[in-house]
Structure formats: structure tokens, C-alpha cells
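J.: Structure supplied as protein_18.csv; contents: CSV, C-alpha atoms.
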```csv
chain,number,residue,atom,x,y,z
A,1013,MET,CA,81.6,127.9,111.3
A,1014,ALA,CA,84.0,130.0,113.3
A,1015,PRO,CA,87.4,128.4,114.1
A,1016,LYS,CA,87.8,126.9,117.5
A,1017,MET,CA,89.9,128.8,120.1
A,1018,THR,CA,93.5,127.5,120.5
A,1019,ARG,CA,93.9,125.5,123.7
A,1020,ALA,CA,97.3,123.9,123.2
A,1021,VAL,CA,100.6,124.8,121.6
A,1022,PHE,CA,102.9,122.0,120.6
A,1023,LEU,CA,106.6,122.8,120.2
A,1024,ASP,CA,109.4,120.9,118.5
A,1025,ALA,CA,112.6,120.6,120.6
A,1026,LEU,CA,115.9,120.9,118.6
A,1027,GLY,CA,115.9,124.0,116.5
A,1028,THR,CA,112.8,125.4,118.2
A,1029,LEU,CA,113.3,125.3,121.9
A,1030,VAL,CA,116.9,124.3,122.3
A,1031,GLU,CA,120.1,124.5,120.2
A,1032,LEU,CA,123.0,122.1,120.1
A,1033,GLU,CA,126.5,123.3,120.7
A,1034,PRO,CA,128.7,121.7,118.0
A,1035,PRO,CA,130.0,118.6,119.8
A,1036,TRP,CA,133.3,118.7,117.9
A,1037,ILE,CA,134.2,121.8,120.0
A,1038,SER,CA,134.1,119.8,123.2
A,1039,LEU,CA,135.8,116.7,121.7
A,1040,ARG,CA,138.6,118.5,120.1
A,1041,GLU,CA,140.7,118.5,123.2
A,1042,LEU,CA,140.3,114.7,123.6
A,1043,VAL,CA,141.3,113.9,120.0
A,1044,PRO,CA,145.0,113.7,118.9
A,1045,ALA,CA,146.3,116.6,116.9
A,1046,GLU,CA,146.9,114.4,113.9
A,1047,VAL,CA,143.2,114.0,113.5
A,1048,SER,CA,142.1,117.0,111.4
A,1049,ASP,CA,139.2,119.3,112.3
A,1050,GLU,CA,137.6,118.2,109.0
A,1051,ARG,CA,137.8,114.5,110.0
A,1052,LEU,CA,136.4,115.2,113.5
A,1053,VAL,CA,133.5,117.2,112.2
A,1054,ALA,CA,132.7,114.5,109.5
A,1055,ALA,CA,132.8,111.8,112.2
A,1056,LEU,CA,130.3,113.6,114.4
A,1057,ARG,CA,128.1,114.6,111.6
A,1058,ALA,CA,127.9,110.9,110.6
A,1059,GLU,CA,126.9,110.1,114.2
A,1060,MET,CA,124.3,112.8,114.3
A,1061,ALA,CA,122.7,111.6,111.1
A,1062,TYR,CA,122.6,108.0,112.5
A,1063,TYR,CA,121.0,109.3,115.7
A,1064,ARG,CA,118.3,111.2,113.8
A,1065,GLU,CA,117.3,108.0,112.0
A,1066,HIS,CA,117.3,105.9,115.2
A,1067,ALA,CA,116.4,108.3,118.1
A,1068,HIS,CA,113.0,106.5,118.4
A,1069,GLU,CA,114.8,103.3,119.4
A,1070,GLY,CA,115.9,104.8,122.8
A,1071,ARG,CA,112.7,103.9,124.5
A,1072,ASP,CA,114.0,103.3,128.0
A,1073,GLU,CA,117.3,103.3,129.8
A,1074,VAL,CA,118.4,99.9,128.4
A,1075,SER,CA,117.6,100.6,124.8
A,1076,LEU,CA,119.0,104.2,125.2
A,1077,ALA,CA,122.3,102.8,126.4
A,1078,ASP,CA,122.4,100.5,123.4
A,1079,LEU,CA,121.7,103.4,121.0
A,1080,ARG,CA,124.5,105.5,122.6
A,1081,GLU,CA,126.9,102.6,122.3
A,1082,ARG,CA,126.1,102.4,118.5
A,1083,CYS,CA,126.6,106.1,118.2
A,1084,ALA,CA,129.9,106.1,120.0
A,1085,ALA,CA,131.0,103.2,117.8
A,1086,ILE,CA,130.4,105.3,114.7
A,1087,VAL,CA,132.6,108.1,116.0
A,1088,SER,CA,135.3,105.6,117.1
A,1089,ARG,CA,135.3,103.9,113.7
A,1090,LYS,CA,135.5,107.2,111.8
A,1091,LEU,CA,138.3,108.6,113.9
A,1092,GLY,CA,140.2,105.3,114.2
A,1093,MET,CA,140.3,105.6,118.0
A,1094,ASP,CA,138.1,104.7,121.0
A,1095,VAL,CA,135.6,107.3,121.9
A,1096,GLY,CA,133.6,106.2,124.9
A,1097,VAL,CA,129.9,106.7,125.5
A,1098,ASP,CA,130.5,109.0,128.4
A,1099,GLU,CA,132.8,111.2,126.4
A,1100,LEU,CA,130.4,111.4,123.6
A,1101,VAL,CA,127.4,112.2,125.8
A,1102,GLU,CA,129.4,114.8,127.7
A,1103,ALA,CA,130.2,116.5,124.4
A,1104,ILE,CA,126.5,116.8,123.4
A,1105,ARG,CA,125.3,119.9,125.1
A,1106,PHE,CA,122.1,121.9,124.6
A,1107,SER,CA,120.9,125.3,125.7
A,1108,ALA,CA,117.6,127.1,125.4
A,1109,TYR,CA,117.3,129.9,122.9
A,1110,PRO,CA,117.0,133.3,124.5
A,1111,ASP,CA,113.4,133.8,123.4
A,1112,VAL,CA,112.1,130.5,124.8
A,1113,ILE,CA,111.4,131.3,128.5
A,1114,PRO,CA,109.8,134.7,127.8
A,1115,ALA,CA,107.6,133.2,125.0
A,1116,LEU,CA,106.6,130.1,127.1
A,1117,GLY,CA,105.8,132.4,130.0
A,1118,ALA,CA,103.5,134.6,127.9
A,1119,LEU,CA,101.7,131.5,126.5
A,1120,ARG,CA,101.2,130.0,129.9
A,1121,ASP,CA,99.7,133.3,131.0
A,1122,ARG,CA,97.1,132.8,128.4
A,1123,GLY,CA,96.2,129.5,130.0
A,1124,LEU,CA,97.5,127.4,127.0
A,1125,ARG,CA,98.7,123.8,127.4
A,1126,LEU,CA,102.4,123.6,126.2
A,1127,ILE,CA,103.7,120.3,125.0
A,1128,THR,CA,107.0,119.4,123.4
A,1129,VAL,CA,106.6,117.1,120.4
A,1130,SER,CA,110.0,115.8,119.2
A,1131,ASN,CA,111.9,113.1,117.4
A,1132,TRP,CA,114.0,112.3,120.5
A,1133,ASP,CA,114.9,109.4,122.8
A,1134,CYS,CA,113.5,109.0,126.3
A,1135,SER,CA,116.1,111.4,127.8
A,1136,LEU,CA,114.3,114.5,126.5
A,1137,PRO,CA,112.7,115.5,129.8
A,1138,ARG,CA,116.2,115.5,131.4
A,1139,VAL,CA,117.6,117.6,128.6
A,1140,LEU,CA,114.8,120.2,128.9
A,1141,GLU,CA,115.3,120.3,132.7
A,1142,ARG,CA,119.1,121.0,132.2
A,1143,CYS,CA,118.2,123.8,129.9
A,1144,GLY,CA,116.1,125.5,132.6
A,1145,LEU,CA,112.7,124.6,131.1
A,1146,VAL,CA,111.4,122.5,134.0
A,1147,GLY,CA,108.0,123.9,135.0
A,1148,MET,CA,107.5,125.8,131.7
A,1149,LEU,CA,106.0,122.8,129.8
A,1150,ASP,CA,103.0,120.6,130.6
A,1151,GLY,CA,104.5,117.5,129.1
A,1152,THR,CA,106.7,115.9,126.4
A,1153,VAL,CA,105.8,113.5,123.6
A,1154,THR,CA,108.8,111.8,121.9
A,1155,SER,CA,109.2,109.5,118.9
A,1156,ALA,CA,110.8,107.0,121.3
A,1157,GLU,CA,107.7,107.0,123.5
A,1158,THR,CA,105.2,106.6,120.7
A,1159,GLY,CA,107.3,104.7,118.2
A,1160,ALA,CA,106.2,107.2,115.6
A,1161,PRO,CA,108.8,109.8,114.4
A,1162,LYS,CA,107.5,113.0,112.8
A,1163,PRO,CA,106.0,113.4,110.2
A,1164,ASP,CA,103.9,110.3,111.3
A,1165,PRO,CA,100.6,111.8,112.6
A,1166,ALA,CA,100.6,109.3,115.4
A,1167,ILE,CA,103.0,111.3,117.4
A,1168,PHE,CA,100.7,114.3,117.2
A,1169,ALA,CA,97.7,112.1,118.1
A,1170,ALA,CA,99.5,111.2,121.4
A,1171,ALA,CA,100.1,114.9,122.0
A,1172,LEU,CA,96.5,115.7,121.4
A,1173,LYS,CA,95.5,113.0,123.9
A,1174,LEU,CA,98.0,114.5,126.5
A,1175,ALA,CA,96.7,118.0,125.9
A,1176,GLY,CA,93.0,116.9,126.1
A,1177,CYS,CA,92.0,118.8,123.0
A,1178,ASP,CA,91.0,118.4,119.4
A,1179,ALA,CA,93.3,118.9,116.4
A,1180,SER,CA,91.4,122.1,115.6
A,1181,GLU,CA,92.3,123.5,119.0
A,1182,ALA,CA,96.0,122.9,118.7
A,1183,LEU,CA,98.9,124.8,117.0
A,1184,HIS,CA,102.3,123.2,116.3
A,1185,VAL,CA,105.5,125.2,116.0
A,1186,GLY,CA,108.7,123.7,114.5
A,1187,ASP,CA,111.7,124.4,112.3
A,1188,THR,CA,111.3,121.8,109.6
A,1189,ALA,CA,108.8,121.7,106.8
A,1190,GLU,CA,109.4,118.0,106.2
A,1191,GLU,CA,108.7,116.8,109.8
A,1192,ASP,CA,106.9,119.6,111.6
A,1193,VAL,CA,104.7,121.2,109.0
A,1194,ALA,CA,103.9,118.0,107.1
A,1195,GLY,CA,103.3,116.0,110.2
A,1196,ALA,CA,101.0,118.5,111.8
A,1197,SER,CA,99.1,118.9,108.6
A,1198,ALA,CA,98.6,115.1,108.3
A,1199,ALA,CA,97.2,115.2,111.9
A,1200,GLY,CA,94.8,118.1,111.0
A,1201,ILE,CA,96.8,120.6,113.2
A,1202,ARG,CA,97.6,124.1,112.1
A,1203,SER,CA,101.4,124.8,112.2
A,1204,LEU,CA,103.9,127.6,112.2
A,1205,LEU,CA,107.4,127.2,110.7
A,1206,ILE,CA,110.0,129.0,112.7
A,1207,ASP,CA,113.1,130.3,110.8
A,1208,ARG,CA,115.4,132.1,113.2
A,1209,ASP,CA,117.4,133.5,110.3
A,1210,GLY,CA,114.3,135.4,109.1
A,1211,GLY,CA,114.0,133.4,105.9
A,1212,ALA,CA,111.0,131.5,104.6
A,1213,GLY,CA,109.4,130.8,107.9
A,1214,ASP,CA,106.1,132.0,109.3
A,1215,ILE,CA,107.9,133.4,112.4
A,1216,SER,CA,111.5,134.2,113.4
A,1217,SER,CA,111.0,134.1,117.1
A,1218,LEU,CA,108.8,132.2,119.5
A,1219,GLU,CA,107.6,135.5,120.9
A,1220,GLU,CA,105.6,135.9,117.7
A,1221,ILE,CA,103.4,132.9,118.3
A,1222,ASP,CA,100.8,134.9,120.2
A,1223,GLN,CA,100.2,136.9,117.0
A,1224,HIS,CA,98.9,133.7,115.4
A,1225,LEU,CA,96.6,132.3,118.1
```
Take the structure from the file and write it as C-alpha cells.
T.:
Amino acid sequence: MAPKMTRAVFLDALGTLVELEPPWISLRELVPAEVSDERLVAALRAEMAYYREHAHEGRDEVSLADLRERCAAIVSRKLGMDVGVDELVEAIRFSAYPDVIPALGALRDRGLRLITVSNWDCSLPRVLERCGLVGMLDGTVTSAETGAPKPDPAIFAAALKLAGCDASEALHVGDTAEEDVAGASAAGIRSLLIDRDGGAGDISSLEEIDQHL
């Protein structure tokens, strides 16, 4: 039987659509000089690791505020000084990769449904809007919304429902084998691993997606 035509492309967010500016760059000016760069970076890496494990708990504005309080407390404890939620959130800045808008535009011209599938809290739509991607995507599905972080196939099931297509009609693109490739495979969805450094991935730019449809 011939493979079905691709009707939807799912895309991971961080590392695929958007990149994070190292938050220690923004916080450096707020931290006393006696706190070394190494200590500052270590504190923020600890916060980032905690967030990755708990992003799905930011289901709404109340639970998101609680999650952010916990993240700020980690940084404050590691640095031995008070770092407020607002200061931490302000330091966490994202931008879209240069290839994103051209690639999404080309995929939309093909009539494909484009949905972000990401381990993220409920603020993801606002992040994507600030990155200039409003109107480029047909929807977002987050681990916070579904309660199922990748590689749990349940998050992909929610994306399929939103896209209105079968697993055989979807393609997922992400930057991690452990979450994106494994999760898509568990859901019966074909995947592409993006490696922007041109290493072991299937593609090095989102503009290469159309070669795999």
C-alpha cells in the first residue's frame, strides 16, 4: 500500500523553532561582582534542569506562577541572594531561528497544518508570538496542556486530534532523539531529527523539511 500524503507537520519549540539567549547574560548586571560567572551559570543551569522536569505543571496562570516561584527560589538559594520572579522571567528571552519563518511559509504554501508540540508550560503561545511566529502556526500542544511530556505518545495523540489527521499523515520535527524521535515513533508518527550543527541529524535546517514530505 502506498504511504499516505503528509497533511500535518509537528514541530518542537526549543532547539527547533526558537533558541534561548543564555539567561546569565541578562542577570549578570543584577548580581554582585563577588558572585563568579561560574557560580551564576551553575545556578541558572540548575534552574533550567528543574524547569525541564516540571514544565508540565504550569497548566494555567496560577500553577505557572507557582512554578516560576520555585524556579526563582532555586536561583536565589544557589546564589545566596534574592532573585525575584520578574527578574528571572525577564532574563529568559527567546528568538526564532533565521530559517523558521521562510520554512513555515513554504510549508503553509503546501497547505500543511503546522502545530508546535513541546514540553512547555501554558505560556508557549505568548512566547511564540513575541518571537514573531503568530499566524505562522495552526496551534500549539504542550505538556502542560496534556499532562504528558514527550516522549509520552499522548502528547502526539492530542496533536493529531488538533490537526485532524492520522499518525500516518503526520511528520514530526525536533532536536532530541530521546523526546522527539522516540515519542513520535511511539505514536506511529514519522520523524526528522534536526541538528543545526550538521552532525548526526536528518536535517540541519527547517528549510530541508520539504525534501522529506
J.: Is there a way to get, as a list in words, all residues within 6 Å of the point (96.6, 118.9, 117.8) in file coordinates, counting only C-alpha atoms?
T.: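 Every polymer residue passing the test: Leu1172, Asp1178, Ala1179, Ala1182 and Ile1201 of chain A.
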J.: Please identify every residue of stretch 1059-1122 of chain A that has at least one atom no farther than 10 Å from an atom of stretch 1030-1053 of chain A, counting all atoms listed in the file, and for each give the shortest atom pair and the distance in Å to one decimal, arranged by chain then increasing number, as a tab-separated table.
T.:
```
residue	atom	partner	partner_atom	distance
A:Glu1059	CA	A:Val1053	CA	9.9
A:Met1060	CA	A:Pro1035	CA	9.8
A:Val1087	CA	A:Leu1052	CA	8.4
A:Lys1090	CA	A:Arg1051	CA	7.9
A:Leu1091	CA	A:Leu1052	CA	6.9
A:Gly1092	CA	A:Val1047	CA	9.2
A:Met1093	CA	A:Val1043	CA	8.6
A:Asp1094	CA	A:Val1043	CA	9.8
A:Val1095	CA	A:Val1043	CA	8.9
A:Glu1099	CA	A:Leu1039	CA	7.8
A:Leu1100	CA	A:Leu1039	CA	7.8
A:Val1101	CA	A:Pro1035	CA	9.1
A:Glu1102	CA	A:Ser1038	CA	8.2
A:Ala1103	CA	A:Pro1035	CA	5.1
A:Ile1104	CA	A:Pro1035	CA	5.3
A:Arg1105	CA	A:Glu1033	CA	5.7
A:Phe1106	CA	A:Leu1032	CA	4.6
A:Ser1107	CA	A:Val1030	CA	5.3
A:Ala1108	CA	A:Val1030	CA	4.2
A:Tyr1109	CA	A:Val1030	CA	5.6
A:Pro1110	CA	A:Val1030	CA	9.3
A:Val1112	CA	A:Val1030	CA	8.2
```
J.: Filtering to C-alpha atoms, could you give me those residues as a PDB file, in the coordinates of the input?
T.:
```
ATOM      1  CA  GLU A1059     126.900 110.100 114.200  1.00  0.00           C
ATOM      2  CA  MET A1060     124.300 112.800 114.300  1.00  0.00           C
ATOM      3  CA  VAL A1087     132.600 108.100 116.000  1.00  0.00           C
ATOM      4  CA  LYS A1090     135.500 107.200 111.800  1.00  0.00           C
ATOM      5  CA  LEU A1091     138.300 108.600 113.900  1.00  0.00           C
ATOM      6  CA  GLY A1092     140.200 105.300 114.200  1.00  0.00           C
ATOM      7  CA  MET A1093     140.300 105.600 118.000  1.00  0.00           C
ATOM      8  CA  ASP A1094     138.100 104.700 121.000  1.00  0.00           C
ATOM      9  CA  VAL A1095     135.600 107.300 121.900  1.00  0.00           C
ATOM     10  CA  GLU A1099     132.800 111.200 126.400  1.00  0.00           C
ATOM     11  CA  LEU A1100     130.400 111.400 123.600  1.00  0.00           C
ATOM     12  CA  VAL A1101     127.400 112.200 125.800  1.00  0.00           C
ATOM     13  CA  GLU A1102     129.400 114.800 127.700  1.00  0.00           C
ATOM     14  CA  ALA A1103     130.200 116.500 124.400  1.00  0.00           C
ATOM     15  CA  ILE A1104     126.500 116.800 123.400  1.00  0.00           C
ATOM     16  CA  ARG A1105     125.300 119.900 125.100  1.00  0.00           C
ATOM     17  CA  PHE A1106     122.100 121.900 124.600  1.00  0.00           C
ATOM     18  CA  SER A1107     120.900 125.300 125.700  1.00  0.00           C
ATOM     19  CA  ALA A1108     117.600 127.100 125.400  1.00  0.00           C
ATOM     20  CA  TYR A1109     117.300 129.900 122.900  1.00  0.00           C
ATOM     21  CA  PRO A1110     117.000 133.300 124.500  1.00  0.00           C
ATOM     22  CA  VAL A1112     112.100 130.500 124.800  1.00  0.00           C
TER      23      VAL A1112
END
```
J.: Using Å and a single decimal, report how far atom CA of A:Leu1183 sits from atom CA of A:Met1148.
T.: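 We find that atom CA of A:Met1148 and atom CA of A:Leu1183 lie 17.1 Å from each other.
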J.: Using all atoms listed in the file, which residue out of A:Gly1123, A:Gly1211, A:Pro1161, A:Gly1117 lies closest to A:Glu1065?
T.: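 Closest candidate: A:Pro1161.
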J.: Just want the 10 Å neighbourhood of A:Ala1194, counted on only C-alpha atoms, with same-chain residues fewer than 5 positions away dropped. Output as a PDB file with C-alpha atoms, in the coordinates of the input.
T.:
```pdb
ATOM      1  CA  LYS A1162     107.500 113.000 112.800  1.00  0.00           C
ATOM      2  CA  PRO A1163     106.000 113.400 110.200  1.00  0.00           C
ATOM      3  CA  ASP A1164     103.900 110.300 111.300  1.00  0.00           C
ATOM      4  CA  PRO A1165     100.600 111.800 112.600  1.00  0.00           C
ATOM      5  CA  THR A1188     111.300 121.800 109.600  1.00  0.00           C
ATOM      6  CA  ALA A1189     108.800 121.700 106.800  1.00  0.00           C
ATOM      7  CA  ALA A1199      97.200 115.200 111.900  1.00  0.00           C
ATOM      8  CA  GLY A1200      94.800 118.100 111.000  1.00  0.00           C
ATOM      9  CA  ILE A1201      96.800 120.600 113.200  1.00  0.00           C
ATOM     10  CA  SER A1203     101.400 124.800 112.200  1.00  0.00           C
TER      11      SER A1203
END
```
J.: In Å, with one decimal, what is the gap from atom CA of A:Ala1156 to atom CA of A:Leu1218?
T.: 25.3 Å
J.: Could you jot down the atom CA of A:Leu1119 to atom CA of A:Asp1222 separation for me, Å, one decimal place?
T.: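 Atom CA of A:Asp1222 lies at a distance of 7.2 Å from atom CA of A:Leu1119.
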J.: From the set A:Ile1215, A:Leu1126, A:Ile1206, A:Leu1076, which residue has the shortest atom-to-atom contact distance to A:Ala1175, counting only C-alpha atoms?
T.: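 Of all the options, A:Leu1126 lies closest to A:Ala1175.
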J.: Find, counting all atoms listed in the file, the residue in A:Arg1089, A:Ala1061, A:Arg1071, A:Leu1225 that gets nearest to A:Lys1016.
T.: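 Using all atoms listed in the file, A:Lys1016 sits closest to A:Leu1225.
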J.: Here is a test: counting all atoms listed in the file, which residue of A:Val1021, A:Asp1078, A:Ala1058, A:Leu1205 is nearest to A:Glu1190?
T.: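 Among A:Val1021, A:Asp1078, A:Ala1058, A:Leu1205, it is A:Leu1205 that comes nearest to A:Glu1190.
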J.: Name the residues, using the chain letters and numbers of the file, that sit within 9 Å of (107.9, 119.4, 126.9) when counting all atoms listed in the file, and give them as a list in words.
T.: Phe1022, Leu1023, Asp1024, Ala1025, Leu1126, Ile1127, Thr1128, Val1129, Ser1130, Leu1136, Pro1137, Leu1140, Leu1145, Val1146, Met1148, Leu1149, Asp1150, Gly1151, Thr1152 and Val1153 of chain A
J.: Considering only C-alpha atoms, state which residue in the set A:Arg1208, A:Arg1019, A:Ala1171, A:Gln1223 is at the smallest distance from A:Thr1154.
T.: A:Ala1171
J.: Find, counting only C-alpha atoms, the residue in A:Glu1073, A:Glu1219, A:Asp1207, A:Asp1121 that gets nearest to A:Cys1134.
T.: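 For A:Cys1134, the nearest of the candidates is A:Glu1073.
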J.: With a distance cut-off of 8 Å and all atoms listed in the file, select the neighbouring residues of A:Val1097, excluding the residue or stretch itself and same-chain residues fewer than 4 positions from it, and output the selection as a list in words.
T.: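 Skipping anything fewer than 4 positions along the chain leaves Arg1080, Glu1081, Ala1084 and Val1101 of chain A.
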